[in-house]
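Visitor: What follows is final30.csv, made up of CSV, C-alpha atoms:
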chain,number,residue,atom,x,y,z
Z,656,MET,CA,-63.5,-113.3,36.2
Z,657,VAL,CA,-64.8,-116.3,38.2
Z,658,ILE,CA,-63.5,-119.8,37.8
Z,659,GLY,CA,-65.9,-122.5,39.1
Z,660,ILE,CA,-65.3,-126.2,39.5
Z,661,LYS,CA,-68.1,-128.8,39.5
Z,662,LYS,CA,-68.1,-132.6,39.5
Z,663,SER,CA,-69.0,-132.6,35.8
Z,664,GLY,CA,-66.1,-130.3,34.8
Z,665,VAL,CA,-64.7,-126.7,34.9
Z,666,PHE,CA,-66.7,-123.7,33.8
Z,667,PHE,CA,-65.9,-120.0,33.5
Z,668,ARG,CA,-68.1,-117.0,34.1
Z,669,LYS,CA,-67.7,-113.4,33.2
Z,670,SER,CA,-66.6,-111.0,35.9
Z,671,SER,CA,-69.1,-108.5,37.2
Z,672,SER,CA,-66.7,-105.6,36.6
Z,673,LYS,CA,-67.9,-102.9,34.2
Z,674,TYR,CA,-64.5,-103.0,32.6
Z,675,GLY,CA,-64.4,-106.6,31.7
Z,676,HIS,CA,-61.4,-108.6,30.3
Z,677,GLY,CA,-60.8,-108.5,26.6
Z,678,TRP,CA,-60.5,-112.3,26.3
Z,679,LEU,CA,-63.8,-113.0,28.1
Z,680,ASN,CA,-65.6,-112.7,24.7
Z,681,ILE,CA,-64.0,-116.0,23.8
Z,682,LEU,CA,-64.2,-117.9,27.1
Z,683,ASN,CA,-67.4,-116.4,28.6
Z,684,THR,CA,-69.7,-119.2,29.8
Z,685,THR,CA,-67.5,-121.7,27.9
Z,686,TYR,CA,-67.9,-125.2,29.4
Z,687,PHE,CA,-65.2,-127.8,29.5
Z,688,PRO,CA,-66.6,-131.3,30.1
Z,689,GLN,CA,-64.8,-134.1,31.9
Z,690,LYS,CA,-63.7,-135.8,28.7
Z,691,LEU,CA,-61.1,-133.1,28.2
Z,692,THR,CA,-57.7,-134.0,29.7
Z,693,SER,CA,-56.7,-132.5,33.0
Z,694,ASN,CA,-53.5,-131.1,31.4
Z,695,PHE,CA,-55.6,-129.2,28.9
Z,696,ILE,CA,-57.8,-127.7,31.6
Z,697,PHE,CA,-54.7,-126.8,33.6
Z,698,SER,CA,-53.1,-125.1,30.6
Z,699,VAL,CA,-56.2,-123.0,29.9
Z,700,ILE,CA,-56.4,-121.9,33.6
Z,701,VAL,CA,-52.7,-121.0,33.6
Z,702,LEU,CA,-53.0,-119.1,30.3
Z,703,MET,CA,-55.9,-117.1,31.6
Z,704,TRP,CA,-54.4,-116.2,34.9
Z,705,MET,CA,-50.8,-115.5,33.8
Z,706,ALA,CA,-50.7,-112.0,35.4
Z,707,LEU,CA,-49.2,-109.0,33.7
Z,708,ILE,CA,-47.2,-108.2,36.8
Z,709,LYS,CA,-45.6,-110.2,39.6
Z,710,PHE,CA,-44.2,-108.9,42.9
Z,711,THR,CA,-40.7,-110.3,43.3
Z,712,ASN,CA,-37.7,-109.7,45.6
Z,713,LYS,CA,-36.3,-107.3,43.0
Z,714,GLY,CA,-39.5,-105.2,42.4
Z,715,ILE,CA,-42.6,-105.3,40.3
Z,716,TYR,CA,-41.9,-107.5,37.3
Z,717,CYS,CA,-43.8,-107.8,34.0
Z,718,PRO,CA,-43.0,-111.4,32.8
Z,719,ARG,CA,-44.4,-110.9,29.3
Z,720,GLY,CA,-42.4,-107.7,28.7
Z,721,ASP,CA,-39.4,-108.9,30.7
Z,722,PHE,CA,-38.9,-105.6,32.5
Z,723,TYR,CA,-39.3,-104.2,36.0
Z,724,ILE,CA,-41.2,-101.2,37.4
Z,725,ASP,CA,-39.3,-99.2,40.1
Z,726,PRO,CA,-37.0,-102.1,41.0
Z,727,TRP,CA,-35.0,-101.9,44.2
Z,728,LYS,CA,-32.3,-104.3,42.9
Z,729,PRO,CA,-30.3,-104.0,39.6
Z,730,VAL,CA,-32.2,-105.3,36.5
Z,731,ASN,CA,-31.8,-105.1,32.8
Z,732,LEU,CA,-34.6,-102.6,32.2
Z,733,ALA,CA,-36.1,-100.4,34.9
Z,734,VAL,CA,-39.3,-98.5,34.0
Z,735,THR,CA,-39.2,-95.6,36.4
Z,736,THR,CA,-42.2,-93.7,37.8
Z,737,HIS,CA,-40.3,-90.8,39.2
Z,738,GLY,CA,-37.0,-89.6,40.6
Z,739,HIS,CA,-37.3,-90.1,44.4
Z,740,ALA,CA,-34.7,-92.4,45.9
Z,741,ASP,CA,-37.1,-95.1,47.0
Z,742,HIS,CA,-38.4,-95.6,43.5
Z,743,VAL,CA,-35.2,-95.5,41.4
Z,744,LYS,CA,-31.8,-97.1,42.1
Z,745,ALA,CA,-28.4,-97.1,40.5
Z,746,GLY,CA,-27.0,-100.1,38.7
Z,747,ASN,CA,-29.7,-100.9,36.2
Z,748,GLN,CA,-28.5,-101.6,32.6
Z,749,ALA,CA,-31.2,-99.3,31.1
Z,750,TYR,CA,-34.0,-97.0,32.3
Z,751,LEU,CA,-37.3,-95.9,30.7
Z,752,CYS,CA,-39.1,-92.8,32.1
Z,753,HIS,CA,-40.9,-89.6,31.3
Z,754,GLN,CA,-39.0,-86.9,29.5
Z,755,LEU,CA,-38.8,-84.7,32.6
Z,756,THR,CA,-37.6,-87.5,34.8
Z,757,LYS,CA,-34.5,-88.2,32.7
Z,758,PRO,CA,-32.5,-85.1,33.8
Z,759,ILE,CA,-33.3,-85.9,37.4
Z,760,LEU,CA,-31.8,-89.4,37.0
Z,761,LEU,CA,-28.8,-88.1,35.2
Z,762,HIS,CA,-28.2,-85.6,38.0
Z,763,ARG,CA,-28.8,-88.1,40.9
Z,764,LEU,CA,-27.3,-91.3,39.4
Z,765,GLY,CA,-24.6,-90.1,37.0
Z,766,PRO,CA,-24.2,-88.9,33.4
Z,767,ASP,CA,-23.5,-92.3,31.8
Z,768,LEU,CA,-27.0,-93.9,32.2
Z,769,LYS,CA,-28.7,-95.5,29.3
Z,770,ILE,CA,-32.2,-93.8,29.3
Z,771,GLN,CA,-35.1,-93.9,26.9
Z,772,THR,CA,-37.9,-91.4,27.5
Z,773,LEU,CA,-41.6,-91.1,26.6
Z,774,ALA,CA,-44.0,-88.2,26.6
Z,775,TYR,CA,-47.3,-88.7,28.5
Z,776,ALA,CA,-49.7,-91.0,26.6
Z,777,GLU,CA,-47.0,-92.0,24.0
Z,778,GLN,CA,-47.0,-95.7,23.4
Z,779,LEU,CA,-44.1,-98.2,23.3
Z,780,GLN,CA,-44.3,-101.9,22.6
Z,781,ILE,CA,-41.9,-104.2,24.5
Z,782,ASN,CA,-42.1,-107.9,23.7
Z,783,GLY,CA,-45.8,-107.5,22.8
Z,784,VAL,CA,-46.7,-105.5,25.8
Z,785,HIS,CA,-48.1,-102.0,25.1
Z,786,LEU,CA,-46.6,-99.5,27.6
Z,787,SER,CA,-47.5,-95.9,28.1
Z,788,LEU,CA,-47.0,-93.3,30.8
Z,789,HIS,CA,-49.7,-91.1,32.4
Z,790,PRO,CA,-49.5,-88.2,34.8
Z,791,ALA,CA,-49.3,-89.1,38.5
Z,792,GLY,CA,-49.3,-85.6,39.9
Z,793,HIS,CA,-46.7,-86.5,42.5
Z,794,VAL,CA,-43.7,-84.4,41.4
Z,795,ILE,CA,-42.5,-83.0,38.1
Z,796,GLY,CA,-42.2,-85.8,35.6
Z,797,SER,CA,-43.9,-88.4,37.7
Z,798,ALA,CA,-45.9,-91.0,35.9
Z,799,GLN,CA,-48.2,-94.0,36.2
Z,800,VAL,CA,-47.2,-96.9,34.1
Z,801,ARG,CA,-50.0,-98.5,31.9
Z,802,LEU,CA,-49.5,-102.0,30.6
Z,803,GLU,CA,-51.7,-103.7,28.1
Z,804,TYR,CA,-51.5,-107.2,26.6
Z,805,LYS,CA,-54.3,-108.8,24.6
Z,806,GLY,CA,-56.9,-106.6,26.2
Z,807,GLU,CA,-55.7,-107.0,29.8
Z,808,VAL,CA,-54.7,-103.7,31.3
Z,809,CYS,CA,-52.7,-103.1,34.5
Z,810,VAL,CA,-51.7,-99.7,35.9
Z,811,VAL,CA,-48.8,-99.2,38.4
Z,812,SER,CA,-49.3,-95.8,39.9
Z,813,GLY,CA,-46.0,-95.2,41.8
Z,814,ASP,CA,-46.7,-92.3,44.1
Z,815,TYR,CA,-49.5,-89.9,43.3
Z,816,LYS,CA,-51.7,-87.1,44.4
Z,817,VAL,CA,-55.0,-86.2,42.8
Z,818,ILE,CA,-55.0,-82.4,43.5
Z,819,TYR,CA,-53.3,-80.1,41.1
Z,820,ASP,CA,-50.3,-78.4,42.7
Z,821,GLY,CA,-49.7,-75.8,40.0
Z,822,ILE,CA,-46.3,-77.2,38.9
Z,823,SER,CA,-46.6,-81.0,38.3
Z,824,THR,CA,-48.8,-82.3,35.5
Z,825,ALA,CA,-52.2,-83.0,37.0
Z,826,PHE,CA,-53.1,-86.6,37.9
Z,827,GLU,CA,-55.1,-88.5,35.3
Z,828,PRO,CA,-57.1,-91.6,36.3
Z,829,VAL,CA,-56.6,-94.6,33.9
Z,830,LYS,CA,-59.1,-97.4,33.5
Z,831,CYS,CA,-57.7,-100.8,34.1
Z,832,HIS,CA,-58.3,-104.3,35.4
Z,833,THR,CA,-55.5,-104.2,37.9
Z,834,PHE,CA,-54.3,-101.2,39.8
Z,835,VAL,CA,-51.2,-100.9,42.0
Z,836,SER,CA,-51.7,-98.1,44.5
Z,837,GLU,CA,-49.7,-96.5,47.3
Z,838,SER,CA,-51.3,-95.7,50.6
Z,839,THR,CA,-48.8,-93.5,52.3
Z,840,PHE,CA,-51.7,-91.6,54.0
Z,841,GLY,CA,-54.2,-94.4,53.9
Z,842,LEU,CA,-56.1,-93.4,57.1
Z,843,PRO,CA,-59.3,-91.4,57.3
Z,844,ILE,CA,-57.6,-88.8,59.5
Z,845,TYR,CA,-55.6,-87.6,56.5
Z,846,ASN,CA,-57.8,-85.1,54.7
Z,847,TRP,CA,-55.9,-82.2,53.2
Z,848,LEU,CA,-57.1,-78.6,53.3
Z,849,PRO,CA,-57.2,-76.7,49.9
Z,850,GLN,CA,-53.7,-75.8,48.8
Z,851,GLU,CA,-54.4,-72.1,48.9
Z,852,ASP,CA,-55.4,-72.3,52.6
Z,853,ILE,CA,-52.2,-74.0,53.5
Z,854,PHE,CA,-50.1,-71.4,51.7
Z,855,ASP,CA,-52.1,-68.7,53.5
Z,856,GLN,CA,-51.1,-70.3,56.8
Z,857,ILE,CA,-47.4,-70.4,55.7
Z,858,GLY,CA,-47.5,-66.8,54.6
Z,859,ASN,CA,-49.1,-65.6,57.8
Z,860,TRP,CA,-46.4,-67.6,59.8
Z,861,ILE,CA,-43.6,-66.0,57.8
Z,862,ASN,CA,-45.0,-62.5,58.3
Z,863,THR,CA,-45.3,-63.0,62.1
Z,864,ASN,CA,-41.7,-64.3,62.2
Z,865,GLN,CA,-40.4,-61.3,60.4
Z,866,GLN,CA,-42.2,-58.9,62.8
Z,867,GLN,CA,-40.5,-60.8,65.6
Z,868,GLN,CA,-37.1,-60.6,63.8
Z,869,LYS,CA,-36.9,-64.4,63.5
Z,870,THR,CA,-35.6,-66.4,60.5
Z,871,SER,CA,-38.3,-68.5,58.8
Z,872,VAL,CA,-36.9,-71.9,57.8
Z,873,LEU,CA,-39.2,-74.3,55.8
Z,874,THR,CA,-38.3,-78.0,55.2
Z,875,ALA,CA,-39.1,-79.7,52.0
Z,876,TYR,CA,-37.7,-82.6,49.9
Z,877,SER,CA,-35.3,-81.3,47.2
Z,878,LEU,CA,-37.3,-82.9,44.5
Z,879,GLY,CA,-41.0,-82.0,44.4
Z,880,LYS,CA,-42.0,-80.3,47.6
Z,881,ALA,CA,-39.3,-77.7,47.3
Z,882,GLN,CA,-40.4,-76.6,43.8
Z,883,ARG,CA,-44.0,-76.6,44.9
Z,884,LEU,CA,-43.2,-74.3,47.9
Z,885,ILE,CA,-41.1,-72.0,45.7
Z,886,LYS,CA,-44.0,-71.7,43.2
Z,887,GLY,CA,-46.6,-71.2,46.0
Z,888,LEU,CA,-44.6,-68.5,47.7
Z,889,SER,CA,-43.4,-66.7,44.6
Z,890,ASN,CA,-46.0,-63.9,45.1
Z,891,THR,CA,-44.6,-62.9,48.5
Z,892,SER,CA,-42.3,-59.9,48.9
Z,893,GLN,CA,-39.5,-61.8,50.6
Z,894,LYS,CA,-36.6,-63.3,48.7
Z,895,ILE,CA,-36.4,-67.1,48.7
Z,896,TYR,CA,-33.1,-68.7,49.7
Z,897,VAL,CA,-32.6,-72.4,49.0
Z,898,HIS,CA,-30.1,-75.1,50.0
Z,899,SER,CA,-27.6,-76.2,47.3
Z,900,SER,CA,-29.4,-79.5,46.8
Z,901,ILE,CA,-32.6,-77.7,46.0
Z,902,ALA,CA,-30.7,-75.1,43.8
Z,903,ASN,CA,-29.0,-77.9,41.9
Z,904,LEU,CA,-32.4,-79.6,41.0
Z,905,ASN,CA,-33.9,-76.2,40.1
Z,906,GLU,CA,-31.1,-75.7,37.6
Z,907,VAL,CA,-31.8,-79.2,36.2
Z,908,PHE,CA,-35.5,-78.3,35.7
Z,909,LEU,CA,-34.7,-74.8,34.2
Z,910,LYS,CA,-32.4,-76.4,31.7
Z,911,ALA,CA,-35.2,-78.9,30.8
Z,912,GLY,CA,-37.5,-76.0,30.1
Z,913,VAL,CA,-39.6,-76.1,33.3
Z,914,PRO,CA,-40.3,-72.5,34.4
Z,915,LEU,CA,-39.5,-71.8,38.1
Z,916,PRO,CA,-39.6,-68.5,40.1
Z,917,LYS,CA,-36.2,-67.0,41.0
Z,918,THR,CA,-34.4,-68.2,44.1
Z,919,ILE,CA,-31.0,-67.6,45.7
Z,920,ARG,CA,-28.6,-70.3,46.4
Z,921,ILE,CA,-27.4,-70.2,50.1
Z,922,SER,CA,-23.7,-69.6,50.3
Z,923,PRO,CA,-21.2,-68.5,52.9
Z,924,GLU,CA,-21.2,-65.0,51.3
Z,925,ILE,CA,-24.9,-64.5,52.3
Z,926,SER,CA,-25.2,-62.8,55.7
Z,927,LYS,CA,-27.4,-64.1,58.5
Z,928,SER,CA,-29.3,-60.8,58.4
Z,929,GLU,CA,-30.2,-61.3,54.7
Z,930,LEU,CA,-31.5,-64.8,55.5
Z,931,GLN,CA,-33.5,-63.4,58.4
Z,932,GLY,CA,-35.3,-61.0,56.0
Z,933,GLY,CA,-36.2,-63.7,53.5
Z,934,ILE,CA,-37.6,-67.3,53.4
Z,935,VAL,CA,-35.2,-70.2,53.8
Z,936,ILE,CA,-36.0,-73.6,52.3
Z,937,VAL,CA,-33.9,-76.7,53.1
Z,938,PRO,CA,-34.2,-80.5,53.0
Z,939,PRO,CA,-35.4,-82.1,56.2
Z,940,ALA,CA,-32.0,-83.5,57.1
Z,941,VAL,CA,-30.4,-80.1,57.0
Z,942,ALA,CA,-33.1,-78.7,59.4
Z,943,GLU,CA,-32.0,-81.2,62.0
Z,944,GLY,CA,-28.3,-80.2,61.7
Z,945,ARG,CA,-26.1,-77.6,63.4
Z,946,TRP,CA,-26.3,-75.0,60.6
Z,947,ILE,CA,-29.8,-74.0,61.5
Z,948,LYS,CA,-28.8,-73.1,65.0
Z,949,THR,CA,-26.3,-70.5,63.6
Z,950,LEU,CA,-29.1,-68.4,62.1
Z,951,THR,CA,-30.7,-65.4,63.7
Z,952,ARG,CA,-33.5,-66.7,66.0
Z,953,PRO,CA,-34.4,-69.5,63.6
Z,954,VAL,CA,-37.9,-71.1,63.6
Z,955,VAL,CA,-38.6,-74.2,61.6
Z,956,GLY,CA,-41.8,-75.1,59.8
Z,957,VAL,CA,-42.1,-78.6,58.6
Z,958,CYS,CA,-44.1,-79.0,55.3
Z,959,SER,CA,-45.4,-82.6,55.3
Z,960,GLY,CA,-48.6,-84.5,55.4
Z,961,TRP,CA,-47.5,-86.0,58.7
Z,962,MET,CA,-48.2,-82.6,60.2
Z,963,GLN,CA,-51.9,-83.3,60.0
Z,964,VAL,CA,-51.4,-85.0,63.3
Z,965,ARG,CA,-50.3,-82.7,66.1
Z,966,ALA,CA,-48.2,-85.4,67.8
Z,967,ALA,CA,-46.0,-85.5,64.7
Z,968,ARG,CA,-45.0,-81.8,65.2
Z,969,ARG,CA,-43.7,-82.6,68.6
Z,970,TRP,CA,-41.9,-85.7,67.3
Z,971,ARG,CA,-40.2,-83.6,64.6
Z,972,SER,CA,-39.3,-80.9,67.2
Z,973,SER,CA,-40.7,-78.3,64.8
Z,974,ASP,CA,-41.9,-74.8,65.7
Z,975,ALA,CA,-44.8,-75.1,63.2
Z,976,GLY,CA,-46.2,-77.8,60.9
Z,977,PHE,CA,-48.1,-77.4,57.6
Z,978,ALA,CA,-49.9,-80.4,56.1
Z,979,LEU,CA,-48.6,-80.0,52.6
Z,980,SER,CA,-48.2,-83.4,51.0
Z,981,ASP,CA,-47.3,-84.7,47.5
Z,982,HIS,CA,-49.3,-87.8,48.2
Z,983,ALA,CA,-53.0,-88.4,48.0
Z,984,ASP,CA,-55.0,-88.1,51.2
Z,985,TRP,CA,-57.7,-90.7,52.2
Z,986,PRO,CA,-60.4,-89.2,50.0
Z,987,GLY,CA,-57.9,-88.9,47.1
Z,988,LEU,CA,-56.8,-92.5,47.4
Z,989,LEU,CA,-60.4,-93.7,47.3
Z,990,SER,CA,-61.3,-91.5,44.4
Z,991,ALA,CA,-58.3,-92.6,42.4
Z,992,VAL,CA,-59.0,-96.3,43.0
Z,993,GLN,CA,-62.7,-96.0,42.1
Z,994,ALA,CA,-62.0,-94.0,39.0
Z,995,THR,CA,-59.9,-96.9,37.5
Z,996,ASN,CA,-62.8,-99.4,37.7
Z,997,ALA,CA,-60.2,-101.9,38.6
Z,998,GLU,CA,-61.2,-105.5,39.5
Z,999,LYS,CA,-58.1,-106.0,41.7
Z,1000,VAL,CA,-56.1,-103.5,43.6
Z,1001,TYR,CA,-52.6,-104.1,45.1
Z,1002,VAL,CA,-51.5,-101.8,47.9
Z,1003,THR,CA,-47.7,-101.4,48.0
Z,1004,HIS,CA,-46.7,-99.0,50.8
Z,1005,GLY,CA,-48.1,-96.9,53.6
Z,1006,TYR,CA,-51.1,-98.1,55.7
Z,1007,THR,CA,-51.4,-101.1,53.4
Z,1008,ALA,CA,-53.4,-103.4,55.8
Z,1009,ILE,CA,-56.0,-100.7,56.7
Z,1010,PHE,CA,-56.5,-99.4,53.2
Z,1011,SER,CA,-56.7,-102.8,51.5
Z,1012,LYS,CA,-59.2,-104.0,54.3
Z,1013,TYR,CA,-61.4,-101.0,53.7
Z,1014,LEU,CA,-61.4,-101.5,49.9
Z,1015,ASN,CA,-62.5,-105.1,50.4
Z,1016,GLU,CA,-65.3,-104.0,52.7
Z,1017,ILE,CA,-66.7,-101.6,50.1
Z,1018,GLY,CA,-66.5,-104.3,47.4
Z,1019,ILE,CA,-63.2,-103.7,45.7
Z,1020,ALA,CA,-60.9,-106.8,45.8
Z,1021,ALA,CA,-57.6,-105.6,47.3
Z,1022,GLU,CA,-54.5,-107.1,48.7
Z,1023,GLU,CA,-51.4,-105.6,50.4
Z,1024,VAL,CA,-48.0,-106.5,49.1
Z,1025,LYS,CA,-44.6,-105.9,50.6
Z,1026,THR,CA,-42.2,-103.5,48.8
Z,1027,GLN,CA,-39.3,-101.3,49.6
Z,1028,TYR,CA,-41.1,-98.0,48.7
Z,1029,GLY,CA,-41.9,-95.3,51.2
Z,1030,THR,CA,-38.5,-94.2,52.4
Z,1031,GLU,CA,-38.1,-91.0,50.4
Z,1032,ASP,CA,-37.4,-89.2,53.7
Z,1033,GLU,CA,-34.0,-90.9,53.6
Z,1034,GLU,CA,-33.1,-88.6,50.6
Z,1035,GLU,CA,-29.4,-87.9,50.2
Z,1036,ILE,CA,-28.2,-84.4,50.3
Z,1037,ASN,CA,-26.5,-83.6,47.0
Using structure tokens, write down the structure from this file.

Guide:
Amino acid sequence: MVIGIKKSGVFFRKSSSKYGHGWLNILNTTYFPQKLTSNFIFSVIVLMWMALIKFTNKGIYCPRGDFYIDPWKPVNLAVTTHGHADHVKAGNQAYLCHQLTKPILLHRLGPDLKIQTLAYAEQLQINGVHLSLHPAGHVIGSAQVRLEYKGEVCVVSGDYKVIYDGISTAFEPVKCHTFVSESTFGLPIYNWLPQEDIFDQIGNWINTNQQQQKTSVLTAYSLGKAQRLIKGLSNTSQKIYVHSSIANLNEVFLKAGVPLPKTIRISPEISKSELQGGIVIVPPAVAEGRWIKTLTRPVVGVCSGWMQVRAARRWRSSDAGFALSDHADWPGLLSAVQATNAEKVYVTHGYTAIFSKYLNEIGIAAEEVKTQYGTEDEEEIN
């Protein structure tokens, strides 16, 4: 949409986007001469540009619906994209999320939460705003939030990845006028190998460790990466031992009907020799603690997109690094944005300046915004 101002009045011209605004049929090429009052013209412009979302000090706010998406301060209604700690906080009066995110919130934030759930593509109307959730492919239950009001569509992606990981519902692009995107790995150097290649690397590393009588320890977030690793390594002959925080979330998913391969909860009763003969998966914080050093010749493999850069492996003091990420890489970010046909893109966290600059250079209007997302590595051990 373009607003032009001439000496003789104010005119409006249709946007060049293929996915044009619903209300442009009414206002397209409409001309307002000078005889109309300035208050009337101002009112029309405000009406047209009253955005579906605003970026506030509490989070992403939908004024027409009077709710927030992934707020970082307590609000009345928090629409939640997924269960990572940087996107959902305690203290909100009510939550709205996907069906498989509900048990995660209850586990992490407490049993007394007021939570309403939706299936993917199921619609709900809140104060005239049509809201639906669509797969984000980030972790189990993760969702993009689609908002529509009088033909205007906005999609808030949360975190996402475009490749199918075999356990989370695959990402689905959603057409919209405004798209809110992450850019955690928004640099051209981040270009993931096929998932099967990465798991081949991990499997070869584990086999080499066993031949050398070393204990293979893999690090992964309790929510998302751990389940992906377990699924990807389920065909190996070794038993998989997991930290209690991972075991607890696995139980949550199993109770919710999500099938997962068998794992063994690490406990004091399990001997060091047993662990040495298997695969140990722990959260990143545990891998940096003293317990790891008590194992039989432990070697640590960090599973993270940051491992794409060799310097990150030295920084994390790891023995091996595997670039396995639950976020989109550079090609994935670009393909996701382009698939929306969005006229405007807001970039919320990661390499926001670089990614938004590039989008503008290729003709997609983009702007970086400050949020408090992107700190999931501060995950609590529970």

Visitor: If you measure from atom CA of Ile861 of chain Z to atom CA of Ser959 of chain Z, what distance in Å do you get, rounded to one decimal?

Guide: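 Distance between the two atoms: 16.9 Å.
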
Visitor: Skip Val794 of chain Z itself and residues of its chain fewer than 6 positions away, then list as a PyMOL selection string all residues within 10 Å of it, counting all atoms listed in the file.

Guide: chain Z and resi 737-739+756+814-816+820+822-825+878-883+981-982

Visitor: Leaving out segment 703-720 of chain Z and any residue of its chain fewer than 3 positions from it, which residues lie within 10 Å of it when counting only C-alpha atoms, given as a PyMOL selection string?

Guide: chain Z and resi 656+678-679+682+697-700+723-730+732-734+742+780-786+802-804+807-811+833+835+1001+1003+1024-1028

Visitor: Which residues, written as number ranges by chain, have at least one atom at most 12 Å from Ser899 of chain Z, with only C-alpha atoms counted and residues fewer than 6 positions away on the same chain left out?

Guide: Z: 877, 881, 905-906, 918-923, 935-938, 941, 1036-1037

Visitor: Interatomic distance between atom CA of His789 of chain Z and atom CA of Ala902 of chain Z?

Guide: 27.3 Å

Visitor: Do you know which residues are at most 9 Å from segment 960-962 of chain Z counting all atoms listed in the file, after dropping those on the same chain fewer than 4 positions away, and could you put them as a CSV table (one decimal) with C-alpha atoms, in the frame of the given file?

Guide:
chain,number,residue,atom,x,y,z
Z,840,PHE,CA,-51.7,-91.6,54.0
Z,845,TYR,CA,-55.6,-87.6,56.5
Z,847,TRP,CA,-55.9,-82.2,53.2
Z,966,ALA,CA,-48.2,-85.4,67.8
Z,967,ALA,CA,-46.0,-85.5,64.7
Z,968,ARG,CA,-45.0,-81.8,65.2
Z,975,ALA,CA,-44.8,-75.1,63.2
Z,976,GLY,CA,-46.2,-77.8,60.9
Z,977,PHE,CA,-48.1,-77.4,57.6
Z,978,ALA,CA,-49.9,-80.4,56.1
Z,979,LEU,CA,-48.6,-80.0,52.6
Z,980,SER,CA,-48.2,-83.4,51.0
Z,981,ASP,CA,-47.3,-84.7,47.5
Z,982,HIS,CA,-49.3,-87.8,48.2
Z,984,ASP,CA,-55.0,-88.1,51.2

Visitor: Between Z:Gly821, Z:Pro766, Z:His898, Z:His753, which residue has the minimum interatomic distance to Pro914 of chain Z, considering all atoms listed in the file?

Guide: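 With all atoms listed in the file as the atom set, the closest residue is Z:Gly821.
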
Visitor: Rounded to one decimal in Å, what is the spacing between atom CA of Lys744 of chain Z and atom CA of Gln771 of chain Z?

Guide: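 So the answer is 15.9 Å.
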
Visitor: Hey, could you make a per-residue contact list for segment 930-1024 of chain Z against segment 870-874 of chain Z with 10 Å as the cut-off, showing the nearest pair of atoms and its distance in Å to one decimal, counting only C-alpha atoms, sorted by chain and number, as a tab-separated table?

Guide:
residue	atom	partner	partner_atom	distance
Z:Leu930	CA	Z:Thr870	CA	6.7
Z:Gln931	CA	Z:Thr870	CA	4.2
Z:Gly932	CA	Z:Thr870	CA	7.0
Z:Gly933	CA	Z:Ser871	CA	7.5
Z:Ile934	CA	Z:Ser871	CA	5.6
Z:Val935	CA	Z:Val872	CA	4.7
Z:Ile936	CA	Z:Leu873	CA	4.8
Z:Val937	CA	Z:Thr874	CA	5.0
Z:Pro938	CA	Z:Thr874	CA	5.3
Z:Pro939	CA	Z:Thr874	CA	5.1
Z:Ala940	CA	Z:Thr874	CA	8.6
Z:Val941	CA	Z:Thr874	CA	8.4
Z:Ala942	CA	Z:Thr874	CA	6.7
Z:Glu943	CA	Z:Thr874	CA	9.8
Z:Ile947	CA	Z:Val872	CA	8.3
Z:Leu950	CA	Z:Thr870	CA	7.0
Z:Thr951	CA	Z:Thr870	CA	5.9
Z:Arg952	CA	Z:Thr870	CA	5.9
Z:Pro953	CA	Z:Thr870	CA	4.5
Z:Val954	CA	Z:Ser871	CA	5.5
Z:Val955	CA	Z:Val872	CA	4.8
Z:Gly956	CA	Z:Leu873	CA	4.8
Z:Val957	CA	Z:Thr874	CA	5.1
Z:Cys958	CA	Z:Thr874	CA	5.9
Z:Ser959	CA	Z:Thr874	CA	8.5
Z:Ser973	CA	Z:Thr874	CA	9.9
Z:Asp974	CA	Z:Val872	CA	9.8
Z:Ala975	CA	Z:Leu873	CA	9.3
Z:Gly976	CA	Z:Leu873	CA	9.3
Z:Phe977	CA	Z:Leu873	CA	9.6

Visitor: With only C-alpha atoms as the atoms that count, which of Z:Lys910, Z:Leu842, Z:Gln867, Z:Ser900 lies nearest to Lys1012 of chain Z?

Guide: Z:Leu842

Visitor: Considering only C-alpha atoms, state which residue in the set Z:Pro828, Z:Gly858, Z:Gly987, Z:Pro790 is at the smallest distance from Ala774 of chain Z.

Guide: Z:Pro790

Visitor: Go through Z:Leu755, Z:Gly841, Z:Ile795, Z:Gln993 and flag the residue nearest Ile1009 of chain Z, using all atoms listed in the file for the distances.

Guide: Z:Gly841

Visitor: Using all atoms listed in the file, determine which residues lie at most 12 Å from Asp855 of chain Z, disregarding the query and same-chain residues fewer than 6 positions distant; provide the list as an MDAnalysis selection string.

Guide: chainID Z and resid 848:849 861:862 884 887:888 890:891 977 979

Visitor: Write the residues of the selection above to a file with C-alpha atoms, as an mmCIF file, keeping the file's coordinate frame.

Guide:
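Generated file (selection.cif):
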data_model
loop_
_atom_site.group_PDB
_atom_site.id
_atom_site.type_symbol
_atom_site.label_atom_id
_atom_site.label_comp_id
_atom_site.auth_asym_id
_atom_site.auth_seq_id
_atom_site.Cartn_x
_atom_site.Cartn_y
_atom_site.Cartn_z
ATOM 1 C CA LEU Z 848 -57.100 -78.600 53.300
ATOM 2 C CA PRO Z 849 -57.200 -76.700 49.900
ATOM 3 C CA ILE Z 861 -43.600 -66.000 57.800
ATOM 4 C CA ASN Z 862 -45.000 -62.500 58.300
ATOM 5 C CA LEU Z 884 -43.200 -74.300 47.900
ATOM 6 C CA GLY Z 887 -46.600 -71.200 46.000
ATOM 7 C CA LEU Z 888 -44.600 -68.500 47.700
ATOM 8 C CA ASN Z 890 -46.000 -63.900 45.100
ATOM 9 C CA THR Z 891 -44.600 -62.900 48.500
ATOM 10 C CA PHE Z 977 -48.100 -77.400 57.600
ATOM 11 C CA LEU Z 979 -48.600 -80.000 52.600
#

Visitor: For Cys831 of chain Z, which of Z:Glu1016, Z:Val1000, Z:Asp721, Z:Ile853 is the closest residue, counting all atoms listed in the file?

Guide: Z:Val1000
